[in-house]
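Student: entry_4.tsv is the file, holding TSV, C-alpha atoms:
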```tsv
chain	number	residue	atom	x	y	z
A	1	MET	CA	37.40	38.39	-19.04
A	2	LYS	CA	41.08	37.66	-18.38
A	3	HIS	CA	43.67	37.22	-21.11
A	4	THR	CA	46.41	34.59	-21.13
A	5	SER	CA	49.20	35.64	-18.78
A	6	GLU	CA	52.48	36.90	-20.17
A	7	PRO	CA	55.05	36.08	-21.32
A	8	TRP	CA	53.93	35.10	-24.78
A	9	GLY	CA	56.17	33.66	-27.48
A	10	VAL	CA	56.29	32.87	-31.20
A	11	TYR	CA	56.28	29.22	-32.19
A	12	GLN	CA	56.48	27.57	-35.57
A	13	ASP	CA	55.49	23.94	-35.94
A	14	ALA	CA	57.01	21.35	-38.29
A	15	SER	CA	54.52	22.21	-41.04
A	16	GLY	CA	55.57	25.88	-40.92
A	17	ASP	CA	52.41	27.19	-39.22
A	18	VAL	CA	53.17	30.14	-36.93
A	19	PHE	CA	51.47	30.60	-33.57
A	20	VAL	CA	51.44	33.16	-30.80
A	21	SER	CA	51.51	31.01	-27.66
A	22	SER	CA	51.86	31.17	-23.92
A	23	ALA	CA	55.54	30.83	-23.08
A	24	GLU	CA	54.60	29.07	-19.84
A	25	THR	CA	52.05	26.54	-21.07
A	26	SER	CA	52.71	26.50	-24.85
A	27	PHE	CA	48.94	26.97	-25.28
A	28	HIS	CA	48.31	28.47	-28.73
A	29	ILE	CA	46.63	31.85	-28.41
A	30	ALA	CA	46.44	32.67	-32.10
A	31	GLU	CA	47.57	31.33	-35.43
A	32	ILE	CA	49.17	33.94	-37.66
A	33	GLY	CA	48.66	33.49	-41.36
A	34	THR	CA	49.22	35.34	-44.59
A	35	GLU	CA	50.53	34.55	-48.02
A	36	ASP	CA	53.82	36.31	-47.27
A	37	GLU	CA	55.84	33.94	-45.05
A	38	GLU	CA	58.27	36.68	-43.92
A	39	SER	CA	55.36	38.85	-42.78
A	40	VAL	CA	53.89	36.00	-40.75
A	41	ILE	CA	56.98	35.71	-38.52
A	42	ALA	CA	57.42	39.49	-38.33
A	43	ASP	CA	53.74	40.01	-37.41
A	44	ALA	CA	53.86	37.30	-34.76
A	45	ARG	CA	57.05	38.74	-33.26
A	46	ARG	CA	55.49	42.21	-33.15
A	47	ILE	CA	52.34	40.94	-31.43
A	48	VAL	CA	54.40	39.09	-28.84
A	49	ALA	CA	56.70	42.09	-28.24
A	50	CYS	CA	53.74	44.43	-27.72
A	51	VAL	CA	51.89	42.07	-25.39
A	52	ASN	CA	54.97	41.33	-23.31
A	53	ALA	CA	55.85	45.05	-23.12
A	54	CYS	CA	52.37	45.76	-21.75
A	55	ARG	CA	52.60	43.09	-19.04
A	56	GLY	CA	50.69	44.21	-15.96
A	57	LEU	CA	48.87	47.05	-17.70
A	58	PRO	CA	45.06	46.78	-17.70
A	59	THR	CA	43.66	46.00	-21.17
A	60	ASP	CA	40.70	48.38	-20.70
A	61	GLU	CA	43.08	51.24	-19.90
A	62	LEU	CA	45.27	50.42	-22.90
A	63	GLU	CA	42.21	50.41	-25.18
A	64	GLN	CA	40.76	53.63	-23.78
A	65	LYS	CA	43.84	55.75	-23.13
A	66	GLY	CA	46.76	54.17	-24.97
A	67	ILE	CA	50.08	52.94	-23.70
A	68	ILE	CA	51.49	56.31	-22.59
A	69	SER	CA	48.60	56.92	-20.23
A	70	ALA	CA	48.62	53.34	-18.93
A	71	VAL	CA	52.36	53.50	-18.25
A	72	GLY	CA	51.91	56.92	-16.66
A	73	THR	CA	49.34	55.48	-14.27
A	74	GLU	CA	51.74	52.67	-13.35
A	75	LEU	CA	54.57	55.18	-12.80
A	76	LEU	CA	52.38	57.26	-10.50
A	77	GLU	CA	51.57	54.14	-8.46
A	78	LEU	CA	55.27	53.23	-8.26
A	79	ASP	CA	56.11	56.79	-7.18
A	80	LYS	CA	53.50	56.54	-4.42
A	81	GLN	CA	54.91	53.20	-3.26
A	82	SER	CA	58.43	54.63	-3.34
A	83	ALA	CA	57.37	57.53	-1.12
A	84	GLU	CA	55.71	55.13	1.33
A	85	LEU	CA	58.83	52.94	1.47
A	86	LEU	CA	61.05	55.98	2.01
A	87	ALA	CA	58.82	57.17	4.87
A	88	ALA	CA	58.91	53.71	6.49
A	89	LEU	CA	62.71	53.55	6.12
A	90	GLU	CA	63.07	57.02	7.66
A	91	LYS	CA	60.86	56.00	10.59
A	92	LEU	CA	62.83	52.80	11.14
A	93	THR	CA	66.24	54.49	11.08
A	94	GLY	CA	64.90	57.29	13.28
A	95	ASP	CA	63.58	54.79	15.83
A	96	ILE	CA	66.89	52.91	15.91
A	97	THR	CA	68.86	56.16	16.25
A	98	ALA	CA	66.59	57.27	19.12
A	99	LEU	CA	67.11	53.90	20.84
A	100	MET	CA	70.87	54.26	20.44
A	101	ASP	CA	70.77	57.83	21.82
A	102	GLU	CA	68.84	56.69	24.89
A	103	SER	CA	70.95	53.64	25.80
A	104	LEU	CA	74.58	52.67	26.27
A	105	GLY	CA	74.65	49.67	23.98
A	106	VAL	CA	73.52	46.09	23.72
A	107	TYR	CA	73.71	43.98	26.84
A	108	GLY	CA	74.27	40.24	26.50
A	109	LEU	CA	75.64	40.52	22.97
A	110	HIS	CA	79.01	39.04	23.89
A	111	LYS	CA	77.36	36.54	26.27
A	112	ASN	CA	79.67	37.67	29.08
A	113	GLY	CA	77.45	40.27	30.76
A	114	ASP	CA	79.41	43.23	29.41
A	115	PRO	CA	77.61	45.80	27.28
A	116	ALA	CA	78.58	46.19	23.66
A	117	PRO	CA	78.72	49.97	23.16
A	118	TRP	CA	76.88	51.28	20.12
A	119	GLY	CA	80.16	52.69	18.78
A	120	GLU	CA	81.38	49.12	18.24
A	121	LEU	CA	78.30	48.22	16.22
A	122	VAL	CA	78.06	51.09	13.74
A	123	ALA	CA	80.21	52.17	10.80
A	124	GLY	CA	83.87	52.33	11.88
A	125	GLY	CA	83.31	50.11	14.91
A	126	ARG	CA	84.82	46.71	15.62
A	127	TYR	CA	81.55	44.94	14.70
A	128	GLU	CA	80.30	47.44	12.14
A	129	GLU	CA	78.90	44.80	9.79
A	130	TRP	CA	76.11	44.08	12.30
A	131	LEU	CA	74.50	47.50	11.93
A	132	LEU	CA	76.15	48.81	8.77
A	133	SER	CA	72.76	48.61	7.06
A	134	ILE	CA	71.63	51.56	9.23
A	135	SER	CA	74.39	53.74	7.79
A	136	ASN	CA	73.56	52.47	4.31
A	137	ALA	CA	69.87	53.28	4.85
A	138	GLU	CA	70.68	56.79	6.08
A	139	GLU	CA	72.88	57.40	3.03
A	140	LEU	CA	70.10	56.15	0.74
A	141	ILE	CA	67.53	58.40	2.43
A	142	ALA	CA	69.81	61.43	1.97
A	143	LYS	CA	70.44	60.51	-1.67
A	144	LEU	CA	66.74	60.04	-2.44
A	145	LYS	CA	65.81	63.30	-0.74
A	146	ALA	CA	68.53	65.17	-2.61
A	147	GLY	CA	67.28	63.70	-5.89
A	148	ALA	CA	63.69	64.62	-5.07
A	149	ALA	CA	64.59	68.25	-4.42
```
Using the file provided, produce a representation of the structure as structure tokens.
Tutor:
Amino acid sequence: MKHTSEPWGVYQDASGDVFVSSAETSFHIAEIGTEDEESVIADARRIVACVNACRGLPTDELEQKGIISAVGTELLELDKQSAELLAALEKLTGDITALMDESLGVYGLHKNGDPAPWGELVAGGRYEEWLLSISNAEELIAKLKAGAA
């Protein structure tokens, strides 16, 4: 069974009834009621804050293990994805560097038959903005590796 997607919101109709509703569809999920009107709004706000804070976390895991464990699982998955992205970025920059080491530049770039030497296309070169992202990627890789150590 799937719950209503987040975000949720608190809505109060003209008669003063308070609802927890889908923020996207305005579908009422629950009506909040008590004799204490201040508690009704506070309870509804708390429900909405908790549900929205748990967005993306499996309900079964929240029920069985609690929020700390569920968030921990999500953090482990994000850490794994981060490592995979870092490896892919390292491979890409390594491949481009190897290509640059094995060639003189880019032919046809200026549309005049002359090669554009790599030195013109990297940081400090005349056209550095074209490949500046390689230098930025290499700096990011070094920073992430230093932080991981």
Student: So which one's closest to Glu37 (chain A), A:Thr59, A:Asn52, A:Gln12, A:Thr25? Using all atoms listed in the file, please.
Tutor: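 For Glu37 (chain A), the nearest of the candidates is A:Gln12.
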Student: Please provide as a list in words all residues within 10 Å of region 19-23 of chain A, with the sequence filter that same-chain residues fewer than 2 positions apart are discarded (counting only C-alpha atoms).
Tutor: Thr4, Ser5, Glu6, Pro7, Trp8, Gly9, Val10, Tyr11, Gln12, Asp13, Gly16, Asp17, Thr25, Ser26, Phe27, His28, Ile29, Ala30, Glu31, Ile32, Gly33, Val40, Ile41, Asp43, Ala44, Arg45, Ile47 and Val48 of chain A
Student: Please measure the separation of CA of Glu139 (chain A) and CA of Ile96 (chain A), giving the value in Å to one decimal.
Tutor: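 Between these atoms lies a distance of 14.9 Å.
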Student: In terms of the shortest atom-to-atom distance over all atoms listed in the file, which of A:Gly147, A:Gly56, A:Gly105, A:Gly72 is closest to Leu121 (chain A)?
Tutor: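 So, comparing all the options, the nearest one is A:Gly105.
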Student: So that I can see what lies close to Leu132 (chain A), please list as a VMD selection string the residues with an atom at most 10 Å from it, counting all atoms listed in the file and leaving out residues fewer than 4 positions away in the same chain.
Tutor: chain A and resid 121 to 125 127 to 128 136 to 137
Student: From the options A:Glu102, A:Glu77, A:Glu138, A:Glu63, which residue's atoms come nearest to Glu90 (chain A), counting all atoms listed in the file?
Tutor: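 Result for the nearest residue to Glu90 (chain A): A:Glu138.
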Student: To one decimal in Å, tell me the separation between CA of Ser82 (chain A) and CA of Glu129 (chain A).
Tutor: 26.2 Å
Student: Do you know which residues are at most 8 Å from region 114-118 of chain A counting all atoms listed in the file, after dropping those on the same chain fewer than 4 positions away, and could you put them as a compact mmCIF listing (two decimals) with C-alpha atoms, in the frame of the given file?
Tutor:
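The resulting around19.txt:
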```txt
# COMPACT_ATOMS: atom_id res chain seq x y z
CA MET A 100 70.87 54.26 20.44
CA LEU A 104 74.58 52.67 26.27
CA GLY A 105 74.65 49.67 23.98
CA VAL A 106 73.52 46.09 23.72
CA TYR A 107 73.71 43.98 26.84
CA GLY A 108 74.27 40.24 26.50
CA LEU A 109 75.64 40.52 22.97
CA HIS A 110 79.01 39.04 23.89
CA VAL A 122 78.06 51.09 13.74
```
Student: Pick the closest to Glu61 (chain A) from A:Ala49, A:Leu99, A:Ala14, A:Glu74: which is it, counting all atoms listed in the file?
Tutor: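 Nearest to Glu61 (chain A): A:Glu74.
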Student: Compile the contact shell of Lys91 (chain A) as number ranges by chain: residues with an atom at most 12 Å away, counting only C-alpha atoms, same-chain residues fewer than 5 positions apart removed.
Tutor: A: 84-86, 96-98, 134, 137-138, 141
Student: Could you check the closest approach to Leu57 (chain A) for each of A:Ala42, A:Leu75, A:Asp95, A:Ala83 and tell me which residue wins, using only C-alpha atoms?
Tutor: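 Among A:Ala42, A:Leu75, A:Asp95, A:Ala83, it is A:Leu75 that comes nearest to Leu57 (chain A).
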Student: Closest to Ser133 (chain A) among A:Ala87, A:Ser39, A:Leu78, A:Thr93, using all atoms listed in the file?
Tutor: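 With all atoms listed in the file as the atom set, the closest residue is A:Thr93.
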Student: Will you model N, CA and C atoms for region 62-97 of chain A and pass it back as a tab-separated table (two decimals), in the coordinates of the input?
Tutor:
```tsv
chain	number	residue	atom	x	y	z
A	62	LEU	N	44.52	50.35	-21.65
A	62	LEU	CA	45.27	50.42	-22.90
A	62	LEU	C	44.34	50.78	-24.07
A	63	GLU	N	43.16	50.15	-24.10
A	63	GLU	CA	42.21	50.41	-25.18
A	63	GLU	C	41.66	51.83	-25.12
A	64	GLN	N	41.39	52.31	-23.93
A	64	GLN	CA	40.76	53.63	-23.78
A	64	GLN	C	41.75	54.78	-23.87
A	65	LYS	N	42.93	54.61	-23.27
A	65	LYS	CA	43.84	55.75	-23.13
A	65	LYS	C	45.15	55.60	-23.88
A	66	GLY	N	45.48	54.39	-24.29
A	66	GLY	CA	46.76	54.17	-24.97
A	66	GLY	C	47.86	53.84	-24.00
A	67	ILE	N	48.98	53.45	-24.54
A	67	ILE	CA	50.08	52.94	-23.70
A	67	ILE	C	50.72	54.04	-22.85
A	68	ILE	N	50.84	55.24	-23.36
A	68	ILE	CA	51.49	56.31	-22.59
A	68	ILE	C	50.72	56.58	-21.32
A	69	SER	N	49.41	56.67	-21.42
A	69	SER	CA	48.60	56.92	-20.23
A	69	SER	C	48.66	55.74	-19.26
A	70	ALA	N	48.58	54.53	-19.79
A	70	ALA	CA	48.62	53.34	-18.93
A	70	ALA	C	49.95	53.25	-18.19
A	71	VAL	N	51.04	53.52	-18.89
A	71	VAL	CA	52.36	53.50	-18.25
A	71	VAL	C	52.46	54.64	-17.25
A	72	GLY	N	51.91	55.78	-17.58
A	72	GLY	CA	51.91	56.92	-16.66
A	72	GLY	C	51.20	56.59	-15.36
A	73	THR	N	50.08	55.89	-15.46
A	73	THR	CA	49.34	55.48	-14.27
A	73	THR	C	50.19	54.54	-13.42
A	74	GLU	N	50.87	53.60	-14.07
A	74	GLU	CA	51.74	52.67	-13.35
A	74	GLU	C	52.89	53.42	-12.68
A	75	LEU	N	53.46	54.40	-13.37
A	75	LEU	CA	54.57	55.18	-12.80
A	75	LEU	C	54.10	55.98	-11.59
A	76	LEU	N	52.91	56.53	-11.65
A	76	LEU	CA	52.38	57.26	-10.50
A	76	LEU	C	52.20	56.33	-9.29
A	77	GLU	N	51.73	55.12	-9.54
A	77	GLU	CA	51.57	54.14	-8.46
A	77	GLU	C	52.94	53.76	-7.88
A	78	LEU	N	53.93	53.57	-8.74
A	78	LEU	CA	55.27	53.23	-8.26
A	78	LEU	C	55.87	54.39	-7.47
A	79	ASP	N	55.62	55.62	-7.90
A	79	ASP	CA	56.11	56.79	-7.18
A	79	ASP	C	55.48	56.85	-5.78
A	80	LYS	N	54.19	56.56	-5.71
A	80	LYS	CA	53.50	56.54	-4.42
A	80	LYS	C	54.10	55.47	-3.51
A	81	GLN	N	54.32	54.28	-4.04
A	81	GLN	CA	54.91	53.20	-3.26
A	81	GLN	C	56.33	53.55	-2.81
A	82	SER	N	57.08	54.21	-3.68
A	82	SER	CA	58.43	54.63	-3.34
A	82	SER	C	58.41	55.61	-2.17
A	83	ALA	N	57.49	56.55	-2.20
A	83	ALA	CA	57.37	57.53	-1.12
A	83	ALA	C	57.00	56.85	0.20
A	84	GLU	N	56.11	55.87	0.13
A	84	GLU	CA	55.71	55.13	1.33
A	84	GLU	C	56.89	54.33	1.90
A	85	LEU	N	57.66	53.69	1.01
A	85	LEU	CA	58.83	52.94	1.47
A	85	LEU	C	59.88	53.86	2.08
A	86	LEU	N	60.09	55.02	1.48
A	86	LEU	CA	61.05	55.98	2.01
A	86	LEU	C	60.61	56.45	3.40
A	87	ALA	N	59.33	56.73	3.57
A	87	ALA	CA	58.82	57.17	4.87
A	87	ALA	C	59.01	56.07	5.93
A	88	ALA	N	58.74	54.83	5.55
A	88	ALA	CA	58.91	53.71	6.49
A	88	ALA	C	60.39	53.53	6.85
A	89	LEU	N	61.27	53.68	5.87
A	89	LEU	CA	62.71	53.55	6.12
A	89	LEU	C	63.19	54.68	7.03
A	90	GLU	N	62.71	55.89	6.79
A	90	GLU	CA	63.07	57.02	7.66
A	90	GLU	C	62.61	56.78	9.09
A	91	LYS	N	61.41	56.28	9.25
A	91	LYS	CA	60.86	56.00	10.59
A	91	LYS	C	61.70	54.94	11.28
A	92	LEU	N	62.04	53.88	10.57
A	92	LEU	CA	62.83	52.80	11.14
A	92	LEU	C	64.21	53.29	11.58
A	93	THR	N	64.91	54.00	10.71
A	93	THR	CA	66.24	54.49	11.08
A	93	THR	C	66.16	55.51	12.20
A	94	GLY	N	65.10	56.33	12.19
A	94	GLY	CA	64.90	57.29	13.28
A	94	GLY	C	64.66	56.60	14.61
A	95	ASP	N	63.86	55.55	14.60
A	95	ASP	CA	63.58	54.79	15.83
A	95	ASP	C	64.86	54.14	16.36
A	96	ILE	N	65.65	53.56	15.48
A	96	ILE	CA	66.89	52.91	15.91
A	96	ILE	C	67.87	53.95	16.44
A	97	THR	N	67.98	55.09	15.78
A	97	THR	CA	68.86	56.16	16.25
A	97	THR	C	68.42	56.66	17.62
```
